[in-house]
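Notes follow once the structure below has been shown.
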There are 6 protein chains.
Amino acid sequence: MARRLLAAGDRAMSRHLAPRIAILNPNTTLAFTQRLGESAEDIVAAGTIVVARSPVAGVPSVECHVDEALAIPGLLRLVQEEEKLGTAAYVIACFGDTGIEAVREIAVGPVVGMTEAALFAAAMLAAQFTVITLPPRTIVQAERVVRHIGLGHRCTVRAIDVNVDDCVAPDESLLEAMLAASCKAIAEDGAEAIVLGCAGLSALVGPMSVALGVPVIEGVSVAVKMAEGLVAARLRTSKIRSYGFPPRLPDSGDP
Amino acid sequence: MARRLLAAGDRAMSRHLAPRIAILNPNTTLAFTQRLGESAEDIVAAGTIVVARSPVAGVPSVECHVDEALAIPGLLRLVQEEEKLGTAAYVIACFGDTGIEAVREIAVGPVVGMTEAALFAAAMLAAQFTVITLPPRTIVQAERVVRHIGLGHRCTVRAIDVNVDDCVAPDESLLEAMLAASCKAIAEDGAEAIVLGCAGLSALVGPMSVALGVPVIEGVSVAVKMAEGLVAARLRTSKIRSYGFPPRLPDSGDP
Amino acid sequence: MARRLLAAGDRAMSRHLAPRIAILNPNTTLAFTQRLGESAEDIVAAGTIVVARSPVAGVPSVECHVDEALAIPGLLRLVQEEEKLGTAAYVIACFGDTGIEAVREIAVGPVVGMTEAALFAAAMLAAQFTVITLPPRTIVQAERVVRHIGLGHRCTVRAIDVNVDDCVAPDESLLEAMLAASCKAIAEDGAEAIVLGCAGLSALVGPMSVALGVPVIEGVSVAVKMAEGLVAARLRTSKIRSYGFPPRLPDSGDP
Amino acid sequence: MARRLLAAGDRAMSRHLAPRIAILNPNTTLAFTQRLGESAEDIVAAGTIVVARSPVAGVPSVECHVDEALAIPGLLRLVQEEEKLGTAAYVIACFGDTGIEAVREIAVGPVVGMTEAALFAAAMLAAQFTVITLPPRTIVQAERVVRHIGLGHRCTVRAIDVNVDDCVAPDESLLEAMLAASCKAIAEDGAEAIVLGCAGLSALVGPMSVALGVPVIEGVSVAVKMAEGLVAARLRTSKIRSYGFPPRLPDSGDP
Amino acid sequence: MARRLLAAGDRAMSRHLAPRIAILNPNTTLAFTQRLGESAEDIVAAGTIVVARSPVAGVPSVECHVDEALAIPGLLRLVQEEEKLGTAAYVIACFGDTGIEAVREIAVGPVVGMTEAALFAAAMLAAQFTVITLPPRTIVQAERVVRHIGLGHRCTVRAIDVNVDDCVAPDESLLEAMLAASCKAIAEDGAEAIVLGCAGLSALVGPMSVALGVPVIEGVSVAVKMAEGLVAARLRTSKIRSYGFPPRLPDSGDP
Amino acid sequence: MARRLLAAGDRAMSRHLAPRIAILNPNTTLAFTQRLGESAEDIVAAGTIVVARSPVAGVPSVECHVDEALAIPGLLRLVQEEEKLGTAAYVIACFGDTGIEAVREIAVGPVVGMTEAALFAAAMLAAQFTVITLPPRTIVQAERVVRHIGLGHRCTVRAIDVNVDDCVAPDESLLEAMLAASCKAIAEDGAEAIVLGCAGLSALVGPMSVALGVPVIEGVSVAVKMAEGLVAARLRTSKIRSYGFPPRLPDSGDP
């Protein structure tokens with residue numbers, strides 16, 4: 001154990017010089033992963049290395065609890081590989097923050113979920129806000145995060161009846177559905193900001209912001225910046241109880 | 001999809017005649033699984049078939065989020081096999097109700113977690129109660145269930161510093177540790193009942209009840225009886241949104 | 001006091017051999033009570049003795065707080081009589097779980113409310129659900145139970161404008177009103193299961209389940225099975241603080 | 001029904017001229033009732049008529065749910081009598097606000113519970129406060145009120161191991177027990193005010209305030225003044241849903 | 001400090017003989033202030049001196065957080081002046097209870113907010129109720145108070161699109177807007193009472209009560225009576241932690 | 001109004017090129033302000049301009065509600081000046097996030113409180129954590145923020161008995177007091193991270209982290225990075241309801 005901590009300390013040295021941030025897309029749709037990486041490169045500070053990765057095997061999209069269960073083992077293997085590279089921080093790029101607690105157990109650096117990051121951002125920009133997720137069955141995943149971070153008194157969750165697959169290349173009808181749901185959120189829930197409930201809808205941020213006149217928050221970019229910020233502040237995941245290193249790791253069955 | 005529902009309907013016929021209840025132990029420690037099955041047989045009604053099963057591969061015990069992540073895929077494969085047998089209901093025999101939402105998506109019949117069952121039982125027997133879990137890092141898993149079912153205003157969670165492995169054959173020192181924690185719960189938290197925070201501690205129920213003079217609740221047995229009751233009431237898992245059949249299943253990658 | 005406990009211990013012997021479960025209908029409408037008993041007999045395990053009883057005097061239906069106040073003393077006298085018979089467990093067969101805390105003080109065995117049982121069942125079958133109670137003034141009683149067990153974040157309460165009297169013989173118009181309210185609950189509240197907010201609507205379970213395609217939960221049958229399960233698990237009401245034996249009993253004014 | 005409302009309107013005329021406030025002591029201990037009346041007379045405004053009454057039959061003290069159940073019917077009969085006298089408002093003088101919802105259904109004017117009044121007063125005088133109730137089994141009754149009015153985030157409940165009977169004539173040892181519990185509340189719970197958890201401890205207010213240096217709140221006097229204030233503001237109990245007139249009344253069985 | 005407490009003690013002598021209650025209107029609109037004073041005089045007991053005051057400088061109405069920030073320093077200077085006069089209690093006559101915590105730090109006697117008083121009154125008259133505030137941007141201020149006192153489970157907040165200025169002389173269209181919002185609250189939120197979300201709407205209480213058939217609560221009058229009641233009960237603001245005398249005062253910069 | 005929005009739009013152009021972030025220290029202690037600025041310069045990205053400013057007049061430290069009230073008007077004047085410079089974002093550098101809602105009304109860009117930022121960071125690094133604030137009377141301010149962002153179920157607040165003045169130059173005894181309180185938090189509250197409850201304790205982060213072995217979070221640096229991140233993501237404060245531009249501004253009394 002002392003050894004592990006030492007090693008962790010050594011790697012941490014390099015964590016702050018040119019920090020590497022890994023964006024973890026829990027699904028295997030590489031077009032999607034590539035887009036996440038490109039968006040992130042536009043936003044990180046000079047000197048930050050950002051990579052976007054997908055598991056080798058798993059599911060093409062994460063739309064339910066079974067999908068989450070099938071995606072997480074591959075996700076954890078990615079984290080093990082990244083830890084060997086001294087990766088400074090992680091971003092979970094899937095609405096619902098799939099597998100985030102397990103990733104935190106393996107990671108030395110901070111792990112930021114796109115959902116929690118988006119909700120925290122919304123809470124700093126607006127008194128009341130709404131998540132628009134998709135498809136409707138994922139409402140329960142969004143609410144899981146809302147409840148975990150406790151913003152339920154200021155946040156409602158709505159859904160549009162569209163599958164995640166249809167978000168790989170968002171079109172006009174997706175935009176319209178999102179706008180319609182957002183308008184209802186503003187009128188009926190008192191929403192003052194909108195959180196996009198799916199990774200990779202960054203193309204909608206511009207048109208939706210203009211049309212609605214309220215902040216429209218895409219979680220991955222916010223999460224990348226929060227991860228960068230936590231690294232800059234030299235903060236890491238707490239290892240004393242809930243997120244301590246696990247007794248067993250995915251590849252070996254023993255640490 | 002129509003086909004699936006039809007098939008589900010057909011199997012349901014047999015679900016009530018001699019209902020089969022599968023106790024799912026998410027870990028691979030078979031001595032433990034066998035004991036769960038034997039305890040359950042003592043408590044089920046005549047005519048109920050009860051089986052206790054473990055995944056073929058996975059982890060020997062579930063003590064953290066990574067363990068949960070590694071255990072769930074194997075658990076889901078068990079459920080797929082059981083569904084083909086027309087299994088009437090499931091019990092998740094792991095404190096923290098590992099993977100319960102994903103199991104609910106695959107299952108037609110009711111799925112009862114040992115944690116939620118124990119907490120519901122406690123809520124019917126006492127105004128205030130305490131979970132004694134182990135080791136301390138699993139407090140967060142226990143609290144996840146407490147928060148999900150909303151009993152946090154009447155329930156505290158405490159832990160003893162013992163590993164799950166040490167519960168396979170509970171000895172005097174484990175009993176003493178549990179009693180000491182329970183006494184603190186009664187004196188400091190106002191606990192009027194104790195929930196055992198680990199499957200397979202059924203051997204402690206008797207001595208702890210006598211020593212403490214309060215109800216001591218072991219979740220697996222209560223969960224088996226609740227599962228039996230839901231089957232008798234002809235109730236099944238709702239399939240219209242959160243727990244609808246998943247788009248993809250573990251073995252095939254496609255339904 | 002030692003004497004009392006000894007006596008309680010003696011009676012407990014017989015509690016598990018052929019356990020007697022008493023369904024307590026707090027109102028005096030015997031046709032209703034009889035129906036409750038018949039439904040329960042269909043669902044209990046072989047060997048369980050089930051009786052349904054009403055107070056000798058009180059109110060013909062329980063629709064408000066005054067009704068509750070007038071019903072409870074008679075209910076407690078029933079419990080005193082049953083305790084002398086060594087009754088193993090009780091079910092409160094009135095939505096709102098009228099008088100349940102007072103019954104728990106007198107009873108040695110478990111006491112299960114039909115409302116809490118129905119809500120617990122719903123929480124195991126669906127992520128979100130709705131109670132349909134009647135008449136509207138009883139919403140506050142339903143919410144009292146929801147808040148006590150803490151499921152308010154997953155449960156809404158709706159009402160139809162029908163009196164309890166009209167439920168003694170449920171007809172088409174009652175079914176239609178319940179279906180209309182349920183459809184609103186599914187569409188507007190995201191309900192995935194429906195809890196019937198009145199005892200004795202068991203005749204509606206079948207047609208409503210078929211029409212709605214979601215679990216429809218009638219609390220008395222679920223409560224009877226939960227009571228049976230708690231008895232099988234040898235659990236009893238905690239006697240150390242909130243539900244300790246009362247200093248005074250209904251008939252004598254002194255224990 | 002039109003008739004009833006008219007009658008209510010007529011009586012209301014007289015409610016504001018020389019308003020009669022009835023303090024309802026749910027127990028039958030007349031020495032206690034008399035003391036409540038005398039204390040109230042010292043505090044009401046000139047012109048207010050205040051009476052303190054006990055049920056003819058019931059229990060000598062209210063210490064548990066069974067006591068509450070046995071006390072409420074007699075309490076409701078008092079309210080029926082008072083309503084015929086055009087009583088302007090009621091105070092429930094029992095910690096736990098025994099029967100308050102049922103009283104509200106019968107009463108036209110406001111009904112103020114000593115517990116809720118004390119908690120509201122505390123919330124206006126201190127950011128955090130503690131109820132000291134007795135005996136320990138009544139903690140659950142105090143928490144019932146705290147939860148109903150929602151002040152749980154600012155209020156803790158503690159108990160001393162003394163019976164209600166011992167409060168009829170509070171002595172030194174009672175004072176010492178209350179002071180000891182209060183000091184713990186101030187040091188450990190951050191209490192900035194103390195709420196006395198039993199009616200008729202008004203004799204302790206002076207010595208405890210001096211000894212502790214924080215506000216010590218006795219609920220009956222505060223409740224009487226709040227009732228007087230609501231009458232002066234011409235406010236009455238809402239009759240449109242939860243507290244509408246009941247379909248049946250205690251004495252007749254039919255309104 | 002000893003000196004201060006002594007002085008406070010001396011002044012307190014006079015606080016109960018002919019208590020002076022100061023109604024603090026945080027805005028500088030004197031017509032409004034005068035009306036508040038007149039309404040209060042109609043309701044206080046004989047012997048109570050009531051004054052209504054406005055800051056010398058500040059804002060003409062309080063409609064947002066900036067307004068609050070600009071109003072509070074002047075408000076605190078009023079309290080300093082009043083303290084020298086031995087004022088017995090204060091009422092904050094602005095919806096949102098502007099500056100109430102700071103006032104409590106300076107004041108010896110009780111400080112009652114019109115918002116909290118109105119909500120407490122509503123909670124004693126109805127199981128569920130609704131605040132109608134104005135303009136919509138002040139919903140967040142109303143919710144701040146609701147959350148602080150914890151009544152969110154029984155209270156909704158709605159707004160009408162009218163500015164505070166339009167309430168100085170309430171006309172027909174304001175009445176209509178308030179009635180329309182109230183009817184929605186009764187139908188959709190289950191409101192059984194209405195709280196007016198702006199000081200000085202007392203002229204609407206009569207017509208709204210008649211039109212709606214539910215209690216309509218204007219907070220200033222209720223607050224004045226609660227303040228009077230707390231003074232009569234000889235209660236004062238707790239000085240041991242959160243509301244202790246401040247290290248610095250507005251006029252001098254040093255106590 | 002159209003004019004204002006246009007102007008806002010123009011200034012926004014420049015907000016992203018070399019964004020200016022203003023750290024607002026609500027107190028007038030310039031040594032403190034200077035230190036905040038220096039710390040921030042170490043952490044911002046190349047290209048970010050960071051300034052730390054104090055109000056011209058106000059209070060030397062913020063330790064209570066009166067201090068807050070006296071500090072906020074000067075704070076708002078700073079924001080007005082900064083807005084004319086096209087400042088991209090603000091950080092409130094005072095525990096309790098003094099005046100943050102009012103600042104949000106005036107600001108176009110994001111406004112980040114050091115308290116909320118620290119709590120959000122803690123929530124991403126640990127399952128449970130503790131704020132150590134000072135002096136004890138500021139617990140209520142810390143809890144105000146905790147409640148506003150809803151993390152109360154995962155966060156406790158403790159205090160040490162030290163004045164803010166003693167933090168300008170933190171010494172050994174302050175470190176020891178903080179360590180002692182942190183150890184209690186870890187042992188008794190299950191804290192896995194510590195949040196420093198006062199701006200300018202950044203010198204303690206290093207020694208406390210080493211001594212405790214858990215993340216120690218200083219809010220100002222985290223807030224600066226979050227503000228930078230929100231600017232990079234081109235997000236601004238929502239202007240449609242709660243944080244809309246105010247009708248009146250500090251210097252002119254009219255916008």
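By order in the structure tokens, chains are A, B, ...; within a chain, residues start at 1; ligands start at 1, following the order shown.
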
Within 10 Å of chain A, which residues belong to chain C? Use only C-alpha atoms and report them as a JSON list (two decimals) with N, CA and C atoms, in the first residue's frame.
[["chain", "number", "residue", "atom", "x", "y", "z"],
["C", 127, "ALA", "N", -40.32, 2.94, -10.52],
["C", 127, "ALA", "CA", -39.49, 4.05, -10.03],
["C", 127, "ALA", "C", -40.34, 5.21, -9.53],
["C", 128, "GLN", "N", -41.50, 5.36, -10.11],
["C", 128, "GLN", "CA", -42.39, 6.49, -9.79],
["C", 128, "GLN", "C", -43.82, 5.96, -9.81],
["C", 153, "HIS", "N", -40.60, 11.67, -2.81],
["C", 153, "HIS", "CA", -39.87, 12.02, -4.02],
["C", 153, "HIS", "C", -40.19, 11.09, -5.18],
["C", 190, "GLY", "N", -45.69, 10.93, -14.52],
["C", 190, "GLY", "CA", -44.71, 9.88, -14.83],
["C", 190, "GLY", "C", -44.93, 8.60, -14.05]]

Shell around range 96-103 of chain B at 8 Å using only C-alpha atoms, local window under 4 positions removed, as a list in words: Cys64, His65, Val66 and Ala69 of chain A; Pro26, Glu68, Ile72, Leu75, Leu76, Val79, Ile92, Ala107, Val111, Val112, Gly113, Met114, Thr115, Glu116, Gln141, Ala142, Arg144, Val145 and Tyr243 of chain B

Resulting file, chosen residues, N, CA and C atoms, as a PDB file, in the first residue's frame:
ATOM      1  N   CYS A  64     -30.145   2.854 -20.682  1.00  0.00           N
ATOM      2  CA  CYS A  64     -30.889   2.224 -19.585  1.00  0.00           C
ATOM      3  C   CYS A  64     -29.878   1.622 -18.600  1.00  0.00           C
ATOM      4  N   HIS A  65     -30.387   1.025 -17.532  1.00  0.00           N
ATOM      5  CA  HIS A  65     -29.505   0.478 -16.508  1.00  0.00           C
ATOM      6  C   HIS A  65     -28.697  -0.713 -17.020  1.00  0.00           C
ATOM      7  N   VAL A  66     -29.293  -1.526 -17.869  1.00  0.00           N
ATOM      8  CA  VAL A  66     -28.539  -2.656 -18.423  1.00  0.00           C
ATOM      9  C   VAL A  66     -27.388  -2.138 -19.276  1.00  0.00           C
ATOM     10  N   ALA A  69     -24.660  -1.138 -17.026  1.00  0.00           N
ATOM     11  CA  ALA A  69     -23.957  -2.291 -16.456  1.00  0.00           C
ATOM     12  C   ALA A  69     -22.984  -2.899 -17.456  1.00  0.00           C
TER      13      ALA A  69
ATOM     14  N   PRO B  26     -24.659 -11.824  -5.800  1.00  0.00           N
ATOM     15  CA  PRO B  26     -23.786 -11.251  -6.840  1.00  0.00           C
ATOM     16  C   PRO B  26     -22.331 -11.690  -6.739  1.00  0.00           C
ATOM     17  N   GLU B  68     -18.999  -3.938  -7.442  1.00  0.00           N
ATOM     18  CA  GLU B  68     -20.359  -3.940  -7.990  1.00  0.00           C
ATOM     19  C   GLU B  68     -20.322  -3.978  -9.518  1.00  0.00           C
ATOM     20  N   ILE B  72     -22.037  -7.169 -11.694  1.00  0.00           N
ATOM     21  CA  ILE B  72     -23.372  -7.038 -12.301  1.00  0.00           C
ATOM     22  C   ILE B  72     -23.523  -7.765 -13.642  1.00  0.00           C
ATOM     23  N   LEU B  75     -24.377 -11.239 -13.036  1.00  0.00           N
ATOM     24  CA  LEU B  75     -25.699 -11.287 -12.409  1.00  0.00           C
ATOM     25  C   LEU B  75     -26.788 -11.212 -13.474  1.00  0.00           C
ATOM     26  N   LEU B  76     -26.587 -10.335 -14.439  1.00  0.00           N
ATOM     27  CA  LEU B  76     -27.616 -10.165 -15.477  1.00  0.00           C
ATOM     28  C   LEU B  76     -27.737 -11.415 -16.337  1.00  0.00           C
ATOM     29  N   VAL B  79     -29.986 -13.747 -14.679  1.00  0.00           N
ATOM     30  CA  VAL B  79     -31.396 -13.363 -14.805  1.00  0.00           C
ATOM     31  C   VAL B  79     -31.935 -13.766 -16.174  1.00  0.00           C
ATOM     32  N   ILE B  92     -32.263  -9.898  -4.609  1.00  0.00           N
ATOM     33  CA  ILE B  92     -30.850  -9.525  -4.687  1.00  0.00           C
ATOM     34  C   ILE B  92     -30.260  -9.688  -3.293  1.00  0.00           C
ATOM     35  N   ALA B 107     -36.164  -8.555 -15.890  1.00  0.00           N
ATOM     36  CA  ALA B 107     -37.135  -9.453 -15.265  1.00  0.00           C
ATOM     37  C   ALA B 107     -38.572  -9.084 -15.602  1.00  0.00           C
ATOM     38  N   VAL B 111     -38.700  -7.884  -8.427  1.00  0.00           N
ATOM     39  CA  VAL B 111     -37.315  -8.004  -7.979  1.00  0.00           C
ATOM     40  C   VAL B 111     -37.214  -7.272  -6.643  1.00  0.00           C
ATOM     41  N   VAL B 112     -36.803  -7.991  -5.615  1.00  0.00           N
ATOM     42  CA  VAL B 112     -36.761  -7.417  -4.265  1.00  0.00           C
ATOM     43  C   VAL B 112     -35.311  -7.390  -3.781  1.00  0.00           C
ATOM     44  N   GLY B 113     -34.868  -6.239  -3.353  1.00  0.00           N
ATOM     45  CA  GLY B 113     -33.525  -6.133  -2.807  1.00  0.00           C
ATOM     46  C   GLY B 113     -33.531  -6.450  -1.324  1.00  0.00           C
ATOM     47  N   MET B 114     -32.490  -7.115  -0.858  1.00  0.00           N
ATOM     48  CA  MET B 114     -32.455  -7.449   0.563  1.00  0.00           C
ATOM     49  C   MET B 114     -32.359  -6.192   1.426  1.00  0.00           C
ATOM     50  N   THR B 115     -31.758  -5.145   0.890  1.00  0.00           N
ATOM     51  CA  THR B 115     -31.608  -3.913   1.664  1.00  0.00           C
ATOM     52  C   THR B 115     -32.939  -3.192   1.795  1.00  0.00           C
ATOM     53  N   GLU B 116     -33.596  -2.988   0.665  1.00  0.00           N
ATOM     54  CA  GLU B 116     -34.877  -2.297   0.743  1.00  0.00           C
ATOM     55  C   GLU B 116     -35.884  -3.109   1.549  1.00  0.00           C
ATOM     56  N   GLN B 141     -22.934   2.871   0.090  1.00  0.00           N
ATOM     57  CA  GLN B 141     -23.882   2.009  -0.630  1.00  0.00           C
ATOM     58  C   GLN B 141     -25.190   1.860   0.152  1.00  0.00           C
ATOM     59  N   ALA B 142     -25.066   1.691   1.455  1.00  0.00           N
ATOM     60  CA  ALA B 142     -26.268   1.589   2.278  1.00  0.00           C
ATOM     61  C   ALA B 142     -27.083   2.878   2.192  1.00  0.00           C
ATOM     62  N   ARG B 144     -27.139   4.950  -0.218  1.00  0.00           N
ATOM     63  CA  ARG B 144     -27.755   5.042  -1.552  1.00  0.00           C
ATOM     64  C   ARG B 144     -29.154   4.432  -1.531  1.00  0.00           C
ATOM     65  N   VAL B 145     -29.298   3.276  -0.889  1.00  0.00           N
ATOM     66  CA  VAL B 145     -30.613   2.641  -0.821  1.00  0.00           C
ATOM     67  C   VAL B 145     -31.540   3.424   0.107  1.00  0.00           C
ATOM     68  N   TYR B 243     -38.164   0.810 -15.972  1.00  0.00           N
ATOM     69  CA  TYR B 243     -37.730  -0.586 -15.942  1.00  0.00           C
ATOM     70  C   TYR B 243     -38.232  -1.364 -17.158  1.00  0.00           C
TER      71      TYR B 243
END

- prompt: Residues at most 10 Å from Val168 in chain E, counting only C-alpha atoms, excluding those fewer than 4 positions away in the same chain, as a ChimeraX atom specification?
  reply: /E:29,31-32,35,61,163-164,199-201

Nearest to Gly109 in chain F by atom-to-atom distance, counting only C-alpha atoms, from A:Leu24, A:Val205, A:Met124, A:Leu230: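 Among the listed residues, A:Met124 lies closest to Gly109 in chain F.
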
query: What does the C-alpha RMSD come to when chain E is least-squares superposed onto chain C, all C-alpha atoms paired in sequence order?
result: 0.1 Å

- request: Just the strand (DSSP E or B) stuff from range 52-206 of chain A, please, per backbone DSSP, written as a list in words.
  value: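 Secondary structure check on range 52-206 of chain A, strand (DSSP E or B): Ala52, Arg53, Ala89, Tyr90, Val91, Ile92, Val111, Val112, Gly113, Phe129, Thr130, Val131, Ile132, Thr133, Cys155, Thr156, Val157, Arg158, Ala159, Ile194, Val195, Leu196 and Gly197 of chain A.
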
- request: Please identify which residues in range 125-198 of chain E DSSP calls helix (DSSP H, G or I) from the backbone, and express them as an MDAnalysis selection string.
  value: chainID E and resid 125 136:149 164:167 172:188

task: Extract, using only C-alpha atoms, all DNA, RNA and protein residues at most 9 Å from Ala181 in chain E, discarding same-chain residues fewer than 4 positions from it, and format them as an MDAnalysis selection string.
output: chainID E and resid 132 158:160 176:177 185:186

- request: Just the residues within 8 Å of Val44 in chain A, please, counting only C-alpha atoms, with nothing from its chain fewer than 5 positions along; format it as a list in words.
  value: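 The residues that qualify are Val50, Val224, Lys225 and Glu228 of chain A.
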
Any chance you could export the current selection's N, CA, C and O atoms as a PDB file, in the first residue's frame?
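The result, stored in part09.pdb:
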ATOM      1  N   VAL A  50      -5.673  16.686 -23.976  1.00  0.00           N
ATOM      2  CA  VAL A  50      -6.982  16.100 -23.770  1.00  0.00           C
ATOM      3  C   VAL A  50      -7.182  14.951 -24.754  1.00  0.00           C
ATOM      4  O   VAL A  50      -6.862  15.068 -25.933  1.00  0.00           O
ATOM      5  N   VAL A 224     -14.952  19.381 -18.572  1.00  0.00           N
ATOM      6  CA  VAL A 224     -13.527  19.439 -18.908  1.00  0.00           C
ATOM      7  C   VAL A 224     -12.869  20.626 -18.199  1.00  0.00           C
ATOM      8  O   VAL A 224     -11.784  20.509 -17.625  1.00  0.00           O
ATOM      9  N   LYS A 225     -13.538  21.767 -18.230  1.00  0.00           N
ATOM     10  CA  LYS A 225     -12.961  22.941 -17.567  1.00  0.00           C
ATOM     11  C   LYS A 225     -12.923  22.764 -16.042  1.00  0.00           C
ATOM     12  O   LYS A 225     -11.984  23.222 -15.387  1.00  0.00           O
ATOM     13  N   GLU A 228     -10.012  20.524 -15.316  1.00  0.00           N
ATOM     14  CA  GLU A 228      -8.788  21.324 -15.459  1.00  0.00           C
ATOM     15  C   GLU A 228      -8.589  22.204 -14.214  1.00  0.00           C
ATOM     16  O   GLU A 228      -7.474  22.335 -13.691  1.00  0.00           O
TER      17      GLU A 228
END

query: Mind pulling up the distance from CA of Asn25 in chain C to CA of Arg154 in chain C?
result: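 Computed distance, CA of Arg154 in chain C to CA of Asn25 in chain C, equals 27.9 Å.
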
- prompt: Counting only C-alpha atoms, what is within 7 Å of Thr156 in chain A, bar same-chain residues fewer than 4 positions away, as a list in words?
  reply: Phe129, Thr130, Val131 and Gly152 of chain A

Only all heavy atoms, please: the residues just picked out, written as a tab-separated table (two decimals), in the first residue's frame.
chain	number	residue	atom	x	y	z
A	129	PHE	N	-33.73	25.70	-12.92
A	129	PHE	CA	-33.34	25.23	-14.25
A	129	PHE	C	-33.92	23.85	-14.54
A	129	PHE	O	-34.45	23.19	-13.64
A	129	PHE	CB	-31.82	25.22	-14.40
A	129	PHE	CG	-31.11	24.67	-13.21
A	129	PHE	CD1	-30.75	23.34	-13.15
A	129	PHE	CD2	-30.80	25.49	-12.13
A	129	PHE	CE1	-30.11	22.82	-12.04
A	129	PHE	CE2	-30.17	24.96	-11.01
A	129	PHE	CZ	-29.83	23.63	-10.96
A	130	THR	N	-33.79	23.42	-15.78
A	130	THR	CA	-34.42	22.17	-16.21
A	130	THR	C	-33.45	21.38	-17.08
A	130	THR	O	-32.79	21.94	-17.95
A	130	THR	CB	-35.71	22.49	-17.01
A	130	THR	OG1	-36.64	23.11	-16.13
A	130	THR	CG2	-36.33	21.21	-17.59
A	131	VAL	N	-33.40	20.10	-16.82
A	131	VAL	CA	-32.68	19.15	-17.68
A	131	VAL	C	-33.65	18.64	-18.73
A	131	VAL	O	-34.77	18.25	-18.39
A	131	VAL	CB	-32.16	17.95	-16.85
A	131	VAL	CG1	-31.55	16.90	-17.77
A	131	VAL	CG2	-31.18	18.40	-15.80
A	152	GLY	N	-32.48	19.05	-6.29
A	152	GLY	CA	-33.85	18.78	-6.68
A	152	GLY	C	-34.82	19.92	-6.40
A	152	GLY	O	-35.85	20.05	-7.07

task: Mind giving me the straight-line distance from CA of Ile149 in chain E to CA of Gly150 in chain F in Å, one decimal?
output: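 So the two atoms, CA of Ile149 in chain E and CA of Gly150 in chain F, lie 15.2 Å apart.
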
- request: Measure the distance from CA of Ile43 in chain B to CA of Lys84 in chain C in Å and round it to one decimal.
  value: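 That distance, rounded to one decimal, is 26.2 Å.
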
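Considering only C-alpha atoms, the residue among F:Arg137, F:Leu78, F:Arg20, F:Ala52 positioned nearest to Glu105 in chain E is F:Arg137.
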